[in-house]
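File shown: structure26.txt. Contents: compact mmCIF, C-alpha atoms.
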# COMPACT_ATOMS: atom_id res chain seq x y z
CA MET X 195 -6.05 1.77 14.04
CA ARG X 196 -3.13 3.34 15.89
CA VAL X 197 0.13 1.82 14.65
CA LEU X 198 3.41 2.28 16.50
CA VAL X 199 6.35 2.10 14.09
CA ALA X 200 9.75 1.43 15.66
CA GLY X 201 12.41 2.88 13.38
CA GLY X 202 12.51 6.06 11.31
CA GLY X 203 14.65 4.71 8.48
CA ILE X 204 13.57 3.60 5.04
CA ALA X 205 11.15 0.83 6.03
CA GLY X 206 9.63 2.62 9.00
CA THR X 207 9.03 5.95 7.32
CA VAL X 208 7.53 4.48 4.15
CA THR X 209 5.42 2.00 6.11
CA ALA X 210 4.00 4.93 8.06
CA MET X 211 3.25 6.90 4.88
CA ALA X 212 1.53 3.89 3.33
CA LEU X 213 -0.47 3.22 6.51
CA LYS X 214 -1.59 6.84 6.58
CA LEU X 215 -2.77 6.52 2.97
CA ALA X 216 -4.58 3.32 3.95
CA GLY X 217 -6.56 5.20 6.60
CA HIS X 218 -4.65 4.24 9.73
CA ASP X 219 -3.01 6.40 12.39
CA PRO X 220 0.77 5.68 12.41
CA VAL X 221 3.40 7.23 14.68
CA VAL X 222 7.12 6.75 13.97
CA TYR X 223 9.61 6.41 16.82
CA GLU X 224 13.20 7.02 15.70
CA ALA X 225 16.01 5.91 18.02
CA TYR X 226 18.44 8.61 16.90
CA PRO X 227 18.08 12.31 17.74
CA ALA X 228 18.64 13.09 14.05
CA GLY X 229 19.31 11.07 10.90
CA GLY X 230 19.93 7.40 11.44
CA ASP X 231 22.37 4.53 11.43
CA ASP X 232 24.85 3.98 8.59
CA ILE X 233 24.44 7.53 7.28
CA GLY X 234 27.82 7.52 5.52
CA ALA X 235 26.76 4.93 2.97
CA PHE X 236 25.10 5.51 -0.36
CA LEU X 237 22.67 3.22 -2.13
CA THR X 238 20.73 2.71 -5.32
CA ILE X 239 16.99 2.25 -5.27
CA MET X 240 16.27 -0.14 -8.11
CA HIS X 241 13.25 -0.29 -10.44
CA ASN X 242 11.16 -2.29 -7.98
CA GLY X 243 11.94 0.07 -5.10
CA MET X 244 10.99 3.11 -7.17
CA ASP X 245 7.81 1.28 -8.18
CA ALA X 246 6.91 0.81 -4.52
CA LEU X 247 7.46 4.51 -3.83
CA ARG X 248 5.41 5.39 -6.90
CA ALA X 249 2.54 3.21 -5.63
CA ILE X 250 2.00 5.65 -2.74
CA GLY X 251 3.03 8.79 -4.64
CA ALA X 252 6.31 9.20 -2.75
CA ASP X 253 8.76 8.81 -5.63
CA ARG X 254 9.16 12.47 -6.65
CA PRO X 255 11.09 13.67 -3.54
CA VAL X 256 13.55 10.81 -4.04
CA ILE X 257 13.96 11.54 -7.76
CA ASP X 258 14.58 15.20 -7.01
CA SER X 259 17.33 14.37 -4.49
CA SER X 260 19.21 11.69 -6.45
CA PHE X 261 20.83 10.93 -9.79
CA ALA X 262 20.03 8.29 -12.36
CA ALA X 263 21.82 5.00 -12.88
CA TYR X 264 21.40 3.62 -16.39
CA GLY X 265 23.49 0.47 -16.26
CA VAL X 266 26.46 -1.54 -15.06
CA GLU X 267 29.86 -2.11 -16.67
CA LEU X 268 31.93 -5.11 -15.56
CA VAL X 269 35.74 -4.79 -15.49
CA ALA X 270 38.25 -7.65 -15.04
CA PRO X 271 41.33 -7.50 -12.75
CA THR X 272 43.38 -6.73 -15.87
CA GLY X 273 41.31 -3.64 -16.57
CA GLU X 274 39.59 -5.28 -19.55
CA THR X 275 35.90 -4.49 -19.95
CA LEU X 276 33.99 -7.75 -19.81
CA GLY X 277 30.53 -6.47 -20.55
CA ARG X 278 27.94 -3.82 -20.06
CA ARG X 279 24.29 -4.15 -19.13
CA GLU X 280 21.85 -1.31 -19.62
CA PHE X 281 18.95 -1.08 -17.23
CA ASP X 282 15.54 -1.27 -18.86
CA THR X 283 13.91 2.01 -17.89
CA GLU X 284 11.14 2.05 -20.48
CA GLY X 285 8.11 3.69 -18.93
CA LEU X 286 9.92 4.04 -15.59
CA ASP X 287 12.11 6.63 -13.95
CA GLY X 288 14.66 3.87 -13.39
CA PRO X 289 17.16 3.32 -10.57
CA ARG X 290 18.31 6.30 -8.51
CA THR X 291 21.48 6.77 -6.44
CA LEU X 292 21.72 8.92 -3.31
CA THR X 293 23.29 8.89 0.13
CA ARG X 294 21.46 7.08 2.88
CA ALA X 295 21.39 10.30 4.92
CA THR X 296 19.69 12.14 2.06
CA LEU X 297 17.16 9.35 1.63
CA TYR X 298 16.32 9.41 5.34
CA ARG X 299 15.88 13.17 5.22
CA VAL X 300 13.61 13.31 2.16
CA LEU X 301 11.45 10.40 3.33
CA GLN X 302 11.08 11.82 6.82
CA ASP X 303 10.29 15.27 5.42
CA GLU X 304 7.66 13.77 3.12
CA ALA X 305 6.14 11.75 5.95
CA GLU X 306 5.88 14.83 8.15
CA ARG X 307 4.40 16.80 5.24
CA ARG X 308 1.70 14.13 5.06
CA GLY X 309 0.93 14.51 8.74
CA VAL X 310 2.76 11.47 10.08
CA PRO X 311 4.14 12.20 13.58
CA LEU X 312 7.85 11.36 13.94
CA GLU X 313 9.34 11.33 17.42
CA ARG X 314 13.15 11.32 17.61
CA GLY X 315 15.37 10.02 20.36
CA LYS X 316 12.93 7.18 21.11
CA ARG X 317 14.91 3.94 21.30
CA LEU X 318 12.63 0.94 21.77
CA VAL X 319 13.71 -1.43 24.55
CA GLY X 320 10.60 -3.54 25.14
CA ALA X 321 6.88 -4.05 24.48
CA GLN X 322 4.01 -5.55 26.42
CA PRO X 323 0.73 -6.78 24.91
CA GLY X 324 -2.38 -6.00 26.91
CA PRO X 325 -6.14 -5.61 26.68
CA ASP X 326 -5.79 -2.22 24.96
CA GLY X 327 -3.27 -3.39 22.32
CA ILE X 328 0.47 -3.20 22.82
CA THR X 329 2.57 -0.84 24.91
CA ALA X 330 6.02 0.10 23.63
CA GLU X 331 8.72 0.90 26.17
CA PHE X 332 11.54 3.32 25.36
CA ALA X 333 15.01 3.85 26.78
CA ASP X 334 14.04 7.27 28.15
CA GLY X 335 11.47 5.64 30.45
CA THR X 336 8.40 6.65 28.45
CA THR X 337 5.75 4.33 27.03
CA GLU X 338 3.22 4.50 24.19
CA THR X 339 0.22 2.27 23.53
CA GLY X 340 -1.17 1.36 20.13
CA ASP X 341 -3.13 -1.38 18.43
CA VAL X 342 -0.04 -2.92 16.81
CA LEU X 343 3.73 -2.43 16.74
CA VAL X 344 5.70 -2.54 13.47
CA GLY X 345 9.35 -3.48 13.88
CA ALA X 346 11.18 -1.48 11.25
CA ASP X 347 14.21 -1.25 13.52
CA GLY X 348 16.83 -2.73 11.25
CA LEU X 349 19.46 -5.43 11.29
CA ARG X 350 19.69 -5.69 15.08
CA SER X 351 15.97 -5.41 15.62
CA VAL X 352 14.60 -5.30 19.15
CA VAL X 353 11.17 -6.27 17.85
CA ARG X 354 12.59 -9.43 16.22
CA ARG X 355 13.76 -10.53 19.66
CA LEU X 356 10.43 -9.62 21.26
CA ILE X 357 8.60 -11.76 18.71
CA ASP X 358 11.08 -14.64 19.01
CA PRO X 359 13.65 -14.56 21.83
CA ALA X 360 15.44 -17.47 20.08
CA ALA X 361 15.76 -15.64 16.75
CA ASP X 362 19.10 -16.10 15.00
CA GLU X 363 21.66 -13.32 15.19
CA PRO X 364 22.62 -11.53 11.97
CA ARG X 365 25.26 -13.51 10.05
CA TYR X 366 28.60 -11.94 9.18
CA THR X 367 29.17 -12.21 5.42
CA GLY X 368 32.97 -12.11 5.65
CA LEU X 369 33.07 -8.70 4.00
CA THR X 370 33.82 -5.19 5.16
CA VAL X 371 32.33 -2.48 2.98
CA VAL X 372 33.96 0.93 2.68
CA TYR X 373 32.18 3.91 1.06
CA GLY X 374 33.80 7.12 -0.11
CA TYR X 375 33.15 10.37 -1.95
CA THR X 376 35.66 12.55 -3.75
CA ARG X 377 35.47 15.64 -5.94
CA ALA X 378 39.11 15.41 -7.03
CA ALA X 379 39.77 16.24 -10.68
CA GLY X 380 41.47 13.92 -13.14
CA LEU X 381 39.77 10.69 -12.05
CA PRO X 382 38.00 8.41 -14.55
CA ALA X 383 34.35 9.37 -14.88
CA ALA X 384 31.38 7.02 -14.94
CA PRO X 385 28.32 9.26 -15.29
CA GLY X 386 25.05 7.39 -15.18
CA ILE X 387 26.68 3.97 -14.89
CA TYR X 388 28.23 1.80 -12.21
CA ARG X 389 31.69 0.58 -13.17
CA MET X 390 32.13 -2.67 -11.23
CA ILE X 391 35.74 -3.86 -10.93
CA ARG X 392 36.99 -7.20 -9.68
CA GLY X 393 40.43 -6.61 -8.18
CA SER X 394 42.86 -9.34 -7.27
CA ARG X 395 41.89 -9.15 -3.58
CA ALA X 396 38.59 -7.27 -3.40
CA ALA X 397 35.73 -5.78 -5.41
CA PHE X 398 35.26 -2.10 -6.21
CA GLY X 399 32.54 -0.03 -7.80
CA PHE X 400 32.15 3.62 -8.65
CA THR X 401 29.86 6.07 -10.39
CA THR X 402 29.85 9.82 -10.99
CA ASP X 403 27.04 12.12 -9.97
CA THR X 404 25.72 15.03 -12.03
CA GLY X 405 28.06 17.45 -10.25
CA GLY X 406 31.18 15.41 -11.07
CA ALA X 407 31.70 13.81 -7.65
CA THR X 408 32.87 10.21 -7.58
CA PHE X 409 30.85 7.85 -5.37
CA TRP X 410 32.78 4.64 -4.68
CA PHE X 411 32.58 1.51 -2.57
CA ALA X 412 34.89 -1.41 -1.85
CA ARG X 413 33.86 -4.89 -0.66
CA ILE X 414 36.87 -6.38 1.09
CA PRO X 415 37.24 -9.84 2.66
CA ASP X 416 37.96 -9.34 6.35
CA VAL X 417 37.87 -11.03 9.74
CA GLU X 418 35.01 -10.00 11.99
CA ARG X 419 35.86 -7.35 14.54
CA SER X 420 33.81 -6.09 17.46
CA ARG X 421 31.38 -3.23 17.00
CA GLU X 422 33.58 -1.11 19.28
CA GLU X 423 36.63 -1.77 17.11
CA ILE X 424 34.74 -0.88 13.96
CA ALA X 425 33.37 2.31 15.51
CA ALA X 426 36.89 3.39 16.48
CA VAL X 427 38.26 3.33 12.92
CA THR X 428 38.93 6.86 11.65
CA PRO X 429 38.34 8.07 8.08
CA ALA X 430 42.09 7.85 7.52
CA GLY X 431 42.03 4.29 8.81
CA TRP X 432 39.24 3.30 6.42
CA ARG X 433 41.04 4.98 3.54
CA GLU X 434 44.27 3.10 4.28
CA PHE X 435 42.41 -0.20 4.71
CA ALA X 436 40.65 0.18 1.35
CA HIS X 437 43.77 1.41 -0.45
CA ALA X 438 45.77 -1.62 0.69
CA ALA X 439 43.17 -3.94 -0.86
CA PHE X 440 43.83 -2.54 -4.36
CA ASP X 441 47.44 -1.38 -4.15
CA GLY X 442 49.36 -2.77 -7.12
CA ASP X 443 46.32 -3.68 -9.22
CA PRO X 444 46.36 -2.16 -12.75
CA LEU X 445 43.10 -0.38 -12.04
CA PRO X 446 41.91 3.12 -11.03
CA CYS X 447 40.67 1.90 -7.62
CA ALA X 448 43.74 2.84 -5.57
CA ASP X 449 43.94 6.28 -7.25
CA ILE X 450 40.28 7.02 -6.48
CA ILE X 451 40.72 5.96 -2.86
CA ALA X 452 43.92 8.00 -2.47
CA ALA X 453 42.11 11.08 -3.83
CA THR X 454 39.42 10.79 -1.13
CA GLY X 455 39.57 13.04 1.92
CA GLU X 456 37.54 12.67 5.10
CA GLU X 457 34.36 11.48 3.39
CA VAL X 458 35.07 7.78 3.84
CA PHE X 459 33.11 5.36 6.01
CA GLY X 460 33.17 1.63 6.65
CA GLY X 461 31.60 -1.29 8.44
CA HIS X 462 31.01 -5.01 8.35
CA SER X 463 28.34 -6.54 6.12
CA TYR X 464 25.74 -8.86 7.67
CA ASP X 465 22.69 -10.68 6.44
CA VAL X 466 19.62 -12.32 7.95
CA PRO X 467 18.96 -15.41 5.81
CA GLU X 468 15.77 -16.49 7.56
CA THR X 469 13.61 -15.22 10.37
CA ARG X 470 11.43 -18.00 11.72
CA LEU X 471 8.67 -15.77 13.09
CA TRP X 472 7.68 -12.53 11.38
CA SER X 473 4.79 -11.64 13.65
CA THR X 474 2.59 -12.15 16.67
CA PRO X 475 -1.03 -10.92 16.77
CA GLU X 476 0.29 -7.53 17.97
CA MET X 477 3.75 -7.18 16.35
CA VAL X 478 5.20 -7.56 12.86
CA LEU X 479 8.60 -7.12 11.18
CA THR X 480 9.47 -5.27 8.00
CA GLY X 481 12.63 -4.46 6.06
CA ASP X 482 15.99 -5.52 7.50
CA ALA X 483 14.33 -6.51 10.75
CA ALA X 484 12.68 -9.41 8.89
CA HIS X 485 15.33 -10.10 6.25
CA ALA X 486 18.63 -8.50 5.35
CA ALA X 487 20.74 -9.26 2.28
CA SER X 488 24.41 -8.75 1.58
CA PRO X 489 24.98 -5.71 -0.68
CA ALA X 490 25.80 -7.80 -3.77
CA ALA X 491 22.37 -7.31 -5.33
CA GLY X 492 21.91 -3.70 -4.22
CA GLN X 493 18.35 -4.57 -3.17
CA GLY X 494 18.20 -3.91 0.57
CA ALA X 495 16.39 -0.59 0.31
CA SER X 496 14.15 -1.70 -2.53
CA MET X 497 12.96 -4.83 -0.72
CA ALA X 498 12.23 -2.75 2.38
CA LEU X 499 10.17 -0.36 0.27
CA GLU X 500 8.18 -3.25 -1.20
CA ASP X 501 7.56 -4.63 2.30
CA SER X 502 6.31 -1.28 3.55
CA VAL X 503 3.65 -0.84 0.90
CA VAL X 504 2.45 -4.46 0.92
CA LEU X 505 2.14 -4.48 4.72
CA ALA X 506 -0.01 -1.35 4.58
CA GLN X 507 -2.21 -2.89 1.90
CA CYS X 508 -2.74 -5.98 4.05
CA LEU X 509 -3.66 -3.89 7.10
CA ARG X 510 -6.01 -1.88 4.90
CA ASP X 511 -7.87 -4.82 3.36
CA LEU X 512 -7.99 -7.62 5.93
CA PRO X 513 -10.27 -7.66 8.98
CA ASP X 514 -7.73 -7.94 11.79
CA PRO X 515 -3.98 -7.56 12.33
CA ALA X 516 -3.28 -11.30 12.69
CA SER X 517 -4.82 -12.14 9.31
CA ALA X 518 -3.13 -9.11 7.75
CA PHE X 519 0.26 -10.17 9.07
CA ALA X 520 -0.23 -13.71 7.80
CA ALA X 521 -1.15 -12.46 4.33
CA TYR X 522 1.80 -10.07 4.29
CA GLU X 523 4.24 -12.84 5.19
CA GLY X 524 2.68 -15.08 2.57
CA LEU X 525 3.21 -12.42 -0.08
CA ARG X 526 6.74 -11.49 0.94
CA ARG X 527 8.70 -14.35 2.52
CA GLU X 528 9.54 -16.45 -0.56
CA ARG X 529 10.65 -13.42 -2.59
CA VAL X 530 12.89 -11.87 0.03
CA GLU X 531 14.50 -15.14 1.10
CA LYS X 532 15.26 -15.91 -2.56
CA LEU X 533 16.98 -12.52 -2.80
CA VAL X 534 19.00 -13.03 0.39
CA LYS X 535 20.18 -16.44 -0.81
CA ALA X 536 21.11 -15.18 -4.27
CA SER X 537 22.87 -12.13 -2.88
CA ALA X 538 24.89 -14.24 -0.43
CA GLY X 539 26.11 -16.30 -3.38
CA GLY X 540 26.86 -13.21 -5.42
CA ASP X 541 24.50 -14.42 -8.15
CA VAL X 542 21.23 -12.66 -8.93
CA GLY X 543 21.32 -13.53 -12.62
CA GLU X 544 22.37 -11.64 -15.71
CA GLN X 545 18.85 -10.35 -16.31
CA PRO X 546 17.13 -10.53 -12.93
CA GLY X 547 13.64 -9.75 -14.17
CA TRP X 548 12.15 -11.45 -11.13
CA LEU X 549 13.70 -8.65 -9.08
CA TYR X 550 13.25 -5.56 -11.19
CA SER X 551 9.85 -6.17 -12.82
CA HIS X 552 7.99 -6.49 -9.51
CA HIS X 553 5.00 -4.15 -9.54
CA ILE X 554 2.65 -3.04 -6.79
CA ASP X 555 -0.83 -1.83 -7.67
CA TRP X 556 -1.94 0.21 -4.68
CA ASP X 557 -5.61 -0.11 -5.62
CA ALA X 558 -5.51 -3.91 -5.85
CA LYS X 559 -7.38 -5.54 -2.99
CA ILE X 560 -5.46 -8.01 -0.82
CA THR X 561 -7.29 -11.22 0.11
CA ALA X 562 -6.36 -13.72 2.76
Could you express the structure from this file as structure tokens?
Amino acid sequence: MRVLVAGGGIAGTVTAMALKLAGHDPVVYEAYPAGGDDIGAFLTIMHNGMDALRAIGADRPVIDSSFAAYGVELVAPTGETLGRREFDTEGLDGPRTLTRATLYRVLQDEAERRGVPLERGKRLVGAQPGPDGITAEFADGTTETGDVLVGADGLRSVVRRLIDPAADEPRYTGLTVVYGYTRAAGLPAAPGIYRMIRGSRAAFGFTTDTGGATFWFARIPDVERSREEIAAVTPAGWREFAHAAFDGDPLPCADIIAATGEEVFGGHSYDVPETRLWSTPEMVLTGDAAHAASPAAGQGASMALEDSVVLAQCLRDLPDPASAFAAYEGLRRERVEKLVKASAGGDVGEQPGWLYSHHIDWDAKITA
């Protein structure tokens, strides 16, 4: 079966790799000429995300391009340490931290190594079902026909709208997230752990990579601004915005931000609490296109990775796309919507085993 995959990010690239392993013929169409959206951010792939990569043998390139996270330390506005939770990594490689740009690169390189075609600069604008399957239409005027179309095209998915023109828009969470990187000396170090700090006005987290660089993020309450306004903010503007949120707090946040140069990026945070329709007989959604969570749980990438592998299993084992899509939604919807709801409330539990212990057995047969 020829599968058109719209989106060359995390969900699209891993879906294509899993489909290839399942015996299908995927082609990835990436809207950007190189890289992808939100490349300034970094992320952590949690236990369940690494498990999904391991299911299709794609974990090693990610491990080799990232650094380990062994736990979380919680710090009060006073600077007092409230607690520390170690991640259970027994028998697993455990969570890994890397930049989104690096993750895109290593996944795309691995997909191409496996013989998955990846066409860049192909922004999907429409799709038409027909007797030969479905024809995808791109902004450059070209078209491609396949048996099915996978919408792995992110938060503002075109495929979501094609499936359901009345689909809800992404919901603004009320937070702007700023990411930064600094190699300045003399800052507090947090190797192998995320130090999570609740300031008086905003939340901050940081960790230290194996080379001594500080990776930090700030979640700051903010009014929603237009996409054009957000795109116009300079690195200096993001640095000043983040610094103001922690200025005067007895914490290292403001010092870390002040020590950051041009490697600082920001944007609003959105979620997609519920998508009424995940599929038609010819089209299906995966990753953020189907469901997107606020960053509180750090599970966006991991849930997309789970989706990718499970969708490929369903298309491998069930007799037609419609039944495969129904089984996939049945396996995924309750879990991801629970995560989105918990993340929106900032509460995923002290020991969220229901998140981390999720395991995918690639050889297990999916039934309707």
Provide an axis-aligned box for all listed atoms of region 493-508 of chain X, padding each side by 4 Å; report its centre and its edge lengths in Å to one decimal, as lines of an AutoDock Vina configuration file.
center_x = 7.8
center_y = -3.2
center_z = 0.8
size_x = 29.1
size_y = 13.6
size_z = 15.9
Taking into account all atoms listed in the file, which residue in the set X:Arg526, X:Arg279, X:Arg413, X:Lys559 is nearest to Val372 (chain X)?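 The answer is X:Arg413, which sits nearest to Val372 (chain X).
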When distances are computed from all atoms listed in the file, which of X:Pro255, X:Pro467, X:Pro220, X:Gly442 shows the smallest separation from Thr296 (chain X)?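 Using all atoms listed in the file, the shortest distance to Thr296 (chain X) belongs to X:Pro255.
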Skipping near chain neighbours, those fewer than 3 positions away, what residues fall within 8 Å of region 200-202 of chain X using all atoms listed in the file, listed as a compact mmCIF listing (two decimals) with C-alpha atoms, keeping the file's coordinate frame?
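The result, written out as out.txt:
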# COMPACT_ATOMS: atom_id res chain seq x y z
CA ALA X 205 11.15 0.83 6.03
CA GLY X 206 9.63 2.62 9.00
CA THR X 207 9.03 5.95 7.32
CA VAL X 222 7.12 6.75 13.97
CA TYR X 223 9.61 6.41 16.82
CA GLU X 224 13.20 7.02 15.70
CA ALA X 225 16.01 5.91 18.02
CA GLY X 230 19.93 7.40 11.44
CA TYR X 298 16.32 9.41 5.34
CA GLN X 302 11.08 11.82 6.82
CA LEU X 312 7.85 11.36 13.94
CA LEU X 318 12.63 0.94 21.77
CA LEU X 343 3.73 -2.43 16.74
CA VAL X 344 5.70 -2.54 13.47
CA GLY X 345 9.35 -3.48 13.88
CA ALA X 346 11.18 -1.48 11.25
CA ASP X 347 14.21 -1.25 13.52
CA GLY X 348 16.83 -2.73 11.25
From the set X:Ala536, X:Ala246, X:Val221, X:Ala397, which residue has the shortest atom-to-atom contact distance to Ser551 (chain X), counting all atoms listed in the file?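 The shortest atom-to-atom distance to Ser551 (chain X) comes from X:Ala246.
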Which distance in Å separates CA of Gly524 (chain X) and CA of Gly251 (chain X), to one decimal? 24.9 Å
What does the distance between CA of Pro489 (chain X) and CA of Ile204 (chain X) come to in Å, to one decimal place? 15.8 Å
